[in-house]
Amino acid sequence: MHAIGSSSEAEDTMEPLCKKRKTKAFETFTWELMPVLSDEKSGEIELIEAYAASIINKKRTSALIKYLADIYPLSNLPHIKRVRSCRDKSEHPLEIIICLQSDLNSMDALNGEVSLRDLFPEGNVDVTGLGEPFQVKIPAHQPLTRPQFEVANQHWPTSFHENKQTTEALRGQLFNSEEKAKMQTFMEKAIEAAKVGKELGMEPVGAVMVNPVSDRIIAVGHDCRNGPNPLLHAVMVCIDQVAHAQGGGAFNHDKYLKCYFTSAEPIGDDAVNTAKPVLLSDDHIPKGTVADGLPYICTGYDLYVTREPCVMCAMALVHSRIHRVFYATSSPDGALGTKYKVHTKKDLNHHYVVFKGLMEKECQLLS
């Protein structure tokens with residue numbers, strides 16, 4: 001195994017990029033970085049049919065809420081607010097949900113033609129102050145992102161616990177210009193490695209592993225699958241180089257000059273928390289370490305890769321305890337957003353954050 005190929009390259013790689021790239025802090029970037037969220041967070045809001053009515057006597061509002069909660073409890077919809085304000089309806093500014101369409105069995109109900117008598121056939125509820133029912137669509141689940149909330153609220157008011165970092169990420173405002181300049185530098189290193197790999201007859205994919213606390217590159221790798229081992233995708237090579245930096249590793253990459261490691265760095269107890277963001281995932285990032293104080297393989301590290309990882313590589317990143325993944329271009333069989341979203345599977349024991357689109361156009365030219 002080899003570390004950096006030359007002293008000048010070593011100095012170049014080991015110098016924190018926050019010092020090197022200050023001149024790019026305010027540049028305009030041609031790429032847009034977007035988070036890859038779970039289907040639950042990125043999908044459309046599901047709507048279900050319900051019946052509502054105007055409250056024609058505001059003094060009866062509390063009583064009506066109590067009556068309806070007893071007769072038609074919305075126990076599976078805790079996010080739904082039973083009453084909404086309709087300021088554009090000056091005559092009756094309040095409306096209340098009576099029940100779900102699924103609560104009724106009659107054909108009239110299925111056709112949407114119901115009256116108060118249909119909804120309260122036994123007549124043991126005082127519905128004085130309630131107008132005639134009408135159909136509405138309400139969100140079946142609590143919105144998980146700001147865009148979902150905005151759509152849901154157009155139909156009926158709902159509660160929402162916002163993750164502001166997720167909102168900023170979806171708006172492309174999570175990272176400032178200085179942070180983007182660093183990211184671009186790391187991806188440029190991955191592109192360099194990919195070009196060298198392509199010249200050697202490999203798939204044109206490069207990867208760079210970075211400690212986000214110190215802004216130091218820990219390892220670089222390119223695709224080597226057309227060599228002696230078909231499993232050596234760029235991500236697998238990079239992970240193996242990180243393992244070599246920690247005194248382990250399984251494969252010999254000495255003949256590939258653009259596949260190298262520098263030296264592993266202790267992450268420390270607060271390292272992951274200082275690297276923005278822990279975001280988008282509800283899980284806490286594990287802080288596993290080995291006996292000498294080094295991280296467990298990729299714990300707390302960031303990966304920059306020119307192409308979306310496959311299932312094998314995505315799962316290797318799970319087992320390596322990666323912190324964040326930034327990739328440029330999508331892949332038809334990609335496992336981090338295109339075909340699968342491995343990083344969002346709830347039954348995994350580790351989850352990481354994924355962003356796509358970093359220098360996408362430049363990386364598309366590699367193929």
# chains A, B, ... in the order shown; residues from 1 in each chain; ligands from 1
$ select_by_dssp --residues "range 117-150 of chain A" --states "strand (DSSP E)" --output "list of chain:residue names"
A:Phe134, A:Gln135, A:Val136, A:Lys137, A:Ile138, A:Pro139
$ closest_atom_pairs --of "range 297-358 of chain A" --to "range 35-50 of chain A" --cutoff "9 Å" --atoms "only C-alpha atoms" --output "tab-separated table"
residue	atom	partner	partner_atom	distance
A:Leu336	CA	A:Val36	CA	7.3
A:Gly337	CA	A:Val36	CA	6.1
A:Lys341	CA	A:Ser38	CA	6.9
A:His343	CA	A:Ser38	CA	8.3
A:Thr344	CA	A:Ser38	CA	5.5
A:Lys345	CA	A:Ser38	CA	8.2
A:Val353	CA	A:Val36	CA	7.8
A:Val354	CA	A:Val36	CA	5.5
A:Phe355	CA	A:Pro35	CA	4.3
A:Lys356	CA	A:Pro35	CA	6.4
$ atom_distance --atom1 "CA of Glu91 in chain A" --atom2 "CA of Lys58 in chain A"
11.0 Å
$ closest_residue --among "A:Ser177, A:Gln135, A:Thr145, A:Thr329" --to "Gln165 in chain A" --atoms "only C-alpha atoms"
A:Thr145
$ residues_around --residues "range 234-240 of chain A" --least-positions-apart "2" --cutoff "7 Å" --atoms "only C-alpha atoms" --output "list in words"
Val205, Gly206, Ala207, Val208, Met209, Ala219, Val220, Gly221, His222, Asp223, Cys224, Leu232, Val242, Ala243, His244, Gly249, Ala250 and Cys313 of chain A
$ residues_around --residues "Val83 in chain A" --least-positions-apart "6" --cutoff "7 Å" --atoms "only C-alpha atoms" --output "list in words"
Leu94, Glu95, Ile96 and Ile97 of chain A
$ write_last_selection --atoms "N, CA, C and O atoms" --output "tab-separated table (two decimals), in the first residue's frame"
chain	number	residue	atom	x	y	z
A	94	LEU	N	-65.83	29.87	10.15
A	94	LEU	CA	-65.25	28.65	10.71
A	94	LEU	C	-65.88	27.42	10.07
A	94	LEU	O	-67.09	27.37	9.81
A	95	GLU	N	-65.04	26.40	9.78
A	95	GLU	CA	-65.52	25.13	9.26
A	95	GLU	C	-64.93	24.00	10.10
A	95	GLU	O	-63.81	24.11	10.61
A	96	ILE	N	-65.65	22.91	10.22
A	96	ILE	CA	-65.25	21.81	11.09
A	96	ILE	C	-65.37	20.48	10.34
A	96	ILE	O	-66.30	20.28	9.56
A	97	ILE	N	-64.41	19.60	10.57
A	97	ILE	CA	-64.50	18.26	10.00
A	97	ILE	C	-65.48	17.43	10.81
A	97	ILE	O	-65.37	17.35	12.04
$ atom_distance --atom1 "CA of Pro73 in chain A" --atom2 "CA of Cys99 in chain A"
7.8 Å
$ select_by_dssp --residues "range 74-167 of chain A" --states "alpha helix (DSSP H)" --output "list of chain:residue names"
A:Met107, A:Asp108, A:Ala109, A:Leu110, A:Leu116, A:Arg117, A:Asp118, A:Leu119, A:Arg146, A:Pro147, A:Gln148, A:Phe149, A:Glu150, A:Val151, A:Ala152, A:Asn153, A:Gln154, A:His155, A:Lys164, A:Gln165, A:Thr166, A:Thr167
$ closest_residue --among "A:Lys198, A:His141, A:His92, A:His350" --to "Leu77 in chain A" --atoms "only C-alpha atoms"
A:His141
$ atom_distance --atom1 "CA of Val196 in chain A" --atom2 "CA of Leu366 in chain A"
10.7 Å
$ closest_residue --among "A:Val136, A:Ala314, A:Val127, A:Val151" --to "Ser62 in chain A" --atoms "only C-alpha atoms"
A:Val127
$ residues_around --residues "Asp333 in chain A" --least-positions-apart "6" --cutoff "10 Å" --atoms "only C-alpha atoms" --output "list in words"
Glu308, Pro309, Cys310, Val311, Lys339 and Tyr340 of chain A
$ write_last_selection --atoms "all heavy atoms" --output "PDB file, in the first residue's frame"
ATOM      1  N   GLU A 308     -23.104   8.204  -8.840  1.00  0.00           N
ATOM      2  CA  GLU A 308     -23.929   7.617  -7.781  1.00  0.00           C
ATOM      3  C   GLU A 308     -23.517   6.172  -7.501  1.00  0.00           C
ATOM      4  O   GLU A 308     -23.423   5.363  -8.425  1.00  0.00           O
ATOM      5  CB  GLU A 308     -25.401   7.666  -8.198  1.00  0.00           C
ATOM      6  CG  GLU A 308     -26.368   7.099  -7.170  1.00  0.00           C
ATOM      7  CD  GLU A 308     -27.796   7.078  -7.682  1.00  0.00           C
ATOM      8  OE1 GLU A 308     -28.034   7.497  -8.842  1.00  0.00           O
ATOM      9  OE2 GLU A 308     -28.686   6.631  -6.928  1.00  0.00           O
ATOM     10  N   PRO A 309     -23.264   5.828  -6.245  1.00  0.00           N
ATOM     11  CA  PRO A 309     -22.841   4.468  -5.896  1.00  0.00           C
ATOM     12  C   PRO A 309     -23.911   3.415  -6.177  1.00  0.00           C
ATOM     13  O   PRO A 309     -25.113   3.698  -6.159  1.00  0.00           O
ATOM     14  CB  PRO A 309     -22.552   4.558  -4.390  1.00  0.00           C
ATOM     15  CG  PRO A 309     -22.267   6.002  -4.151  1.00  0.00           C
ATOM     16  CD  PRO A 309     -23.173   6.730  -5.099  1.00  0.00           C
ATOM     17  N   CYS A 310     -23.443   2.179  -6.426  1.00  0.00           N
ATOM     18  CA  CYS A 310     -24.337   1.044  -6.612  1.00  0.00           C
ATOM     19  C   CYS A 310     -24.746   0.491  -5.245  1.00  0.00           C
ATOM     20  O   CYS A 310     -24.325   0.995  -4.202  1.00  0.00           O
ATOM     21  CB  CYS A 310     -23.643  -0.040  -7.437  1.00  0.00           C
ATOM     22  SG  CYS A 310     -22.206  -0.765  -6.601  1.00  0.00           S
ATOM     23  N   VAL A 311     -25.534  -0.577  -5.229  1.00  0.00           N
ATOM     24  CA  VAL A 311     -26.002  -1.169  -3.980  1.00  0.00           C
ATOM     25  C   VAL A 311     -24.829  -1.667  -3.138  1.00  0.00           C
ATOM     26  O   VAL A 311     -24.785  -1.451  -1.916  1.00  0.00           O
ATOM     27  CB  VAL A 311     -26.986  -2.324  -4.259  1.00  0.00           C
ATOM     28  CG1 VAL A 311     -27.310  -3.071  -2.970  1.00  0.00           C
ATOM     29  CG2 VAL A 311     -28.267  -1.786  -4.876  1.00  0.00           C
ATOM     30  N   LYS A 339     -32.472   4.202  -8.318  1.00  0.00           N
ATOM     31  CA  LYS A 339     -33.212   2.940  -8.272  1.00  0.00           C
ATOM     32  C   LYS A 339     -33.596   2.563  -6.844  1.00  0.00           C
ATOM     33  O   LYS A 339     -34.661   2.000  -6.600  1.00  0.00           O
ATOM     34  CB  LYS A 339     -32.386   1.822  -8.899  1.00  0.00           C
ATOM     35  CG  LYS A 339     -33.170   0.549  -9.168  1.00  0.00           C
ATOM     36  CD  LYS A 339     -32.368  -0.433 -10.008  1.00  0.00           C
ATOM     37  CE  LYS A 339     -33.205  -1.664 -10.366  1.00  0.00           C
ATOM     38  NZ  LYS A 339     -32.438  -2.608 -11.219  1.00  0.00           N
ATOM     39  N   TYR A 340     -32.706   2.871  -5.913  1.00  0.00           N
ATOM     40  CA  TYR A 340     -32.954   2.596  -4.499  1.00  0.00           C
ATOM     41  C   TYR A 340     -32.535   3.812  -3.679  1.00  0.00           C
ATOM     42  O   TYR A 340     -31.888   4.731  -4.189  1.00  0.00           O
ATOM     43  CB  TYR A 340     -32.164   1.363  -4.016  1.00  0.00           C
ATOM     44  CG  TYR A 340     -32.369   0.125  -4.844  1.00  0.00           C
ATOM     45  CD1 TYR A 340     -31.415  -0.284  -5.772  1.00  0.00           C
ATOM     46  CD2 TYR A 340     -33.523  -0.652  -4.708  1.00  0.00           C
ATOM     47  CE1 TYR A 340     -31.603  -1.426  -6.548  1.00  0.00           C
ATOM     48  CE2 TYR A 340     -33.715  -1.792  -5.470  1.00  0.00           C
ATOM     49  CZ  TYR A 340     -32.751  -2.166  -6.392  1.00  0.00           C
ATOM     50  OH  TYR A 340     -32.938  -3.291  -7.147  1.00  0.00           O
TER      51      TYR A 340
END
$ residues_around --residues "Ala69 in chain A" --least-positions-apart "3" --cutoff "10 Å" --atoms "only C-alpha atoms" --output "JSON, numbers by chain"
{"A": [63, 64, 65, 66, 72, 73, 74, 75, 82, 97, 98, 99]}
$ residues_around --residues "Glu192 in chain A" --least-positions-apart "5" --cutoff "9 Å" --atoms "only C-alpha atoms" --output "ChimeraX atom specification"
/A:187,197,206,258
$ write_last_selection --atoms "N, CA and C atoms" --output "mmCIF file, in the first residue's frame"
data_model
loop_
_atom_site.group_PDB
_atom_site.id
_atom_site.type_symbol
_atom_site.label_atom_id
_atom_site.label_comp_id
_atom_site.auth_asym_id
_atom_site.auth_seq_id
_atom_site.Cartn_x
_atom_site.Cartn_y
_atom_site.Cartn_z
ATOM 1 N N MET A 187 -14.369 17.531 -5.097
ATOM 2 C CA MET A 187 -14.880 16.827 -6.271
ATOM 3 C C MET A 187 -13.902 16.941 -7.436
ATOM 4 N N GLY A 197 -8.062 6.833 -13.953
ATOM 5 C CA GLY A 197 -8.621 5.492 -14.053
ATOM 6 C C GLY A 197 -9.108 5.181 -15.456
ATOM 7 N N GLY A 206 -14.268 8.441 -9.869
ATOM 8 C CA GLY A 206 -13.294 8.756 -8.835
ATOM 9 C C GLY A 206 -13.972 9.080 -7.526
ATOM 10 N N LYS A 258 -3.009 7.070 -8.478
ATOM 11 C CA LYS A 258 -4.074 7.964 -8.024
ATOM 12 C C LYS A 258 -4.987 7.291 -6.992
#
$ decode --residues "range 134-162 of chain A" --atoms "N, CA and C atoms" --output "PDB file, in the first residue's frame"
ATOM      1  N   PHE A 134     -70.372  19.110   3.413  1.00  0.00           N
ATOM      2  CA  PHE A 134     -69.799  19.115   2.057  1.00  0.00           C
ATOM      3  C   PHE A 134     -68.501  18.305   2.088  1.00  0.00           C
ATOM      4  N   GLN A 135     -68.054  17.857   0.941  1.00  0.00           N
ATOM      5  CA  GLN A 135     -66.852  17.032   0.857  1.00  0.00           C
ATOM      6  C   GLN A 135     -65.588  17.895   0.828  1.00  0.00           C
ATOM      7  N   VAL A 136     -64.551  17.394   1.483  1.00  0.00           N
ATOM      8  CA  VAL A 136     -63.225  18.017   1.442  1.00  0.00           C
ATOM      9  C   VAL A 136     -62.180  16.910   1.371  1.00  0.00           C
ATOM     10  N   LYS A 137     -61.010  17.261   0.937  1.00  0.00           N
ATOM     11  CA  LYS A 137     -59.866  16.345   0.958  1.00  0.00           C
ATOM     12  C   LYS A 137     -58.914  16.815   2.054  1.00  0.00           C
ATOM     13  N   ILE A 138     -58.450  15.872   2.875  1.00  0.00           N
ATOM     14  CA  ILE A 138     -57.533  16.225   3.964  1.00  0.00           C
ATOM     15  C   ILE A 138     -56.305  15.321   3.904  1.00  0.00           C
ATOM     16  N   PRO A 139     -55.155  15.791   4.421  1.00  0.00           N
ATOM     17  CA  PRO A 139     -53.918  14.992   4.379  1.00  0.00           C
ATOM     18  C   PRO A 139     -54.035  13.731   5.236  1.00  0.00           C
ATOM     19  N   ALA A 140     -53.653  12.601   4.658  1.00  0.00           N
ATOM     20  CA  ALA A 140     -53.735  11.327   5.380  1.00  0.00           C
ATOM     21  C   ALA A 140     -52.619  11.177   6.395  1.00  0.00           C
ATOM     22  N   HIS A 141     -51.504  11.897   6.188  1.00  0.00           N
ATOM     23  CA  HIS A 141     -50.360  11.783   7.084  1.00  0.00           C
ATOM     24  C   HIS A 141     -49.786  13.172   7.373  1.00  0.00           C
ATOM     25  N   GLN A 142     -49.074  13.266   8.453  1.00  0.00           N
ATOM     26  CA  GLN A 142     -48.434  14.532   8.798  1.00  0.00           C
ATOM     27  C   GLN A 142     -47.340  14.856   7.801  1.00  0.00           C
ATOM     28  N   PRO A 143     -47.284  16.063   7.287  1.00  0.00           N
ATOM     29  CA  PRO A 143     -46.206  16.435   6.362  1.00  0.00           C
ATOM     30  C   PRO A 143     -44.855  16.416   7.066  1.00  0.00           C
ATOM     31  N   LEU A 144     -43.822  16.007   6.326  1.00  0.00           N
ATOM     32  CA  LEU A 144     -42.489  15.878   6.903  1.00  0.00           C
ATOM     33  C   LEU A 144     -41.525  16.951   6.414  1.00  0.00           C
ATOM     34  N   THR A 145     -41.906  17.668   5.358  1.00  0.00           N
ATOM     35  CA  THR A 145     -41.053  18.730   4.827  1.00  0.00           C
ATOM     36  C   THR A 145     -41.904  19.966   4.561  1.00  0.00           C
ATOM     37  N   ARG A 146     -41.244  21.090   4.407  1.00  0.00           N
ATOM     38  CA  ARG A 146     -41.948  22.341   4.130  1.00  0.00           C
ATOM     39  C   ARG A 146     -42.776  22.268   2.843  1.00  0.00           C
ATOM     40  N   PRO A 147     -42.262  21.735   1.722  1.00  0.00           N
ATOM     41  CA  PRO A 147     -43.104  21.634   0.523  1.00  0.00           C
ATOM     42  C   PRO A 147     -44.352  20.782   0.758  1.00  0.00           C
ATOM     43  N   GLN A 148     -44.216  19.668   1.475  1.00  0.00           N
ATOM     44  CA  GLN A 148     -45.393  18.854   1.783  1.00  0.00           C
ATOM     45  C   GLN A 148     -46.388  19.632   2.637  1.00  0.00           C
ATOM     46  N   PHE A 149     -45.875  20.377   3.599  1.00  0.00           N
ATOM     47  CA  PHE A 149     -46.742  21.160   4.485  1.00  0.00           C
ATOM     48  C   PHE A 149     -47.521  22.215   3.706  1.00  0.00           C
ATOM     49  N   GLU A 150     -46.848  22.864   2.776  1.00  0.00           N
ATOM     50  CA  GLU A 150     -47.511  23.915   2.003  1.00  0.00           C
ATOM     51  C   GLU A 150     -48.633  23.343   1.144  1.00  0.00           C
ATOM     52  N   VAL A 151     -48.409  22.149   0.593  1.00  0.00           N
ATOM     53  CA  VAL A 151     -49.462  21.500  -0.202  1.00  0.00           C
ATOM     54  C   VAL A 151     -50.598  21.051   0.706  1.00  0.00           C
ATOM     55  N   ALA A 152     -50.249  20.426   1.828  1.00  0.00           N
ATOM     56  CA  ALA A 152     -51.270  19.927   2.756  1.00  0.00           C
ATOM     57  C   ALA A 152     -52.155  21.051   3.260  1.00  0.00           C
ATOM     58  N   ASN A 153     -51.532  22.181   3.573  1.00  0.00           N
ATOM     59  CA  ASN A 153     -52.276  23.300   4.144  1.00  0.00           C
ATOM     60  C   ASN A 153     -53.258  23.927   3.160  1.00  0.00           C
ATOM     61  N   GLN A 154     -53.040  23.692   1.870  1.00  0.00           N
ATOM     62  CA  GLN A 154     -53.983  24.192   0.879  1.00  0.00           C
ATOM     63  C   GLN A 154     -55.306  23.433   0.948  1.00  0.00           C
ATOM     64  N   HIS A 155     -55.263  22.236   1.521  1.00  0.00           N
ATOM     65  CA  HIS A 155     -56.467  21.412   1.623  1.00  0.00           C
ATOM     66  C   HIS A 155     -57.117  21.530   3.002  1.00  0.00           C
ATOM     67  N   TRP A 156     -56.293  21.377   4.050  1.00  0.00           N
ATOM     68  CA  TRP A 156     -56.829  21.517   5.409  1.00  0.00           C
ATOM     69  C   TRP A 156     -55.664  21.754   6.369  1.00  0.00           C
ATOM     70  N   PRO A 157     -55.854  22.613   7.387  1.00  0.00           N
ATOM     71  CA  PRO A 157     -54.752  22.908   8.327  1.00  0.00           C
ATOM     72  C   PRO A 157     -54.252  21.656   9.034  1.00  0.00           C
ATOM     73  N   THR A 158     -52.950  21.554   9.160  1.00  0.00           N
ATOM     74  CA  THR A 158     -52.332  20.392   9.788  1.00  0.00           C
ATOM     75  C   THR A 158     -51.124  20.819  10.593  1.00  0.00           C
ATOM     76  N   SER A 159     -50.782  20.050  11.604  1.00  0.00           N
ATOM     77  CA  SER A 159     -49.587  20.362  12.399  1.00  0.00           C
ATOM     78  C   SER A 159     -48.344  19.953  11.627  1.00  0.00           C
ATOM     79  N   PHE A 160     -47.231  20.587  11.932  1.00  0.00           N
ATOM     80  CA  PHE A 160     -45.990  20.337  11.200  1.00  0.00           C
ATOM     81  C   PHE A 160     -44.811  20.699  12.085  1.00  0.00           C
ATOM     82  N   HIS A 161     -43.891  19.752  12.267  1.00  0.00           N
ATOM     83  CA  HIS A 161     -42.676  19.983  13.047  1.00  0.00           C
ATOM     84  C   HIS A 161     -41.514  20.115  12.066  1.00  0.00           C
ATOM     85  N   GLU A 162     -41.130  21.334  11.795  1.00  0.00           N
ATOM     86  CA  GLU A 162     -40.172  21.597  10.727  1.00  0.00           C
ATOM     87  C   GLU A 162     -38.727  21.325  11.140  1.00  0.00           C
TER      88      GLU A 162
END
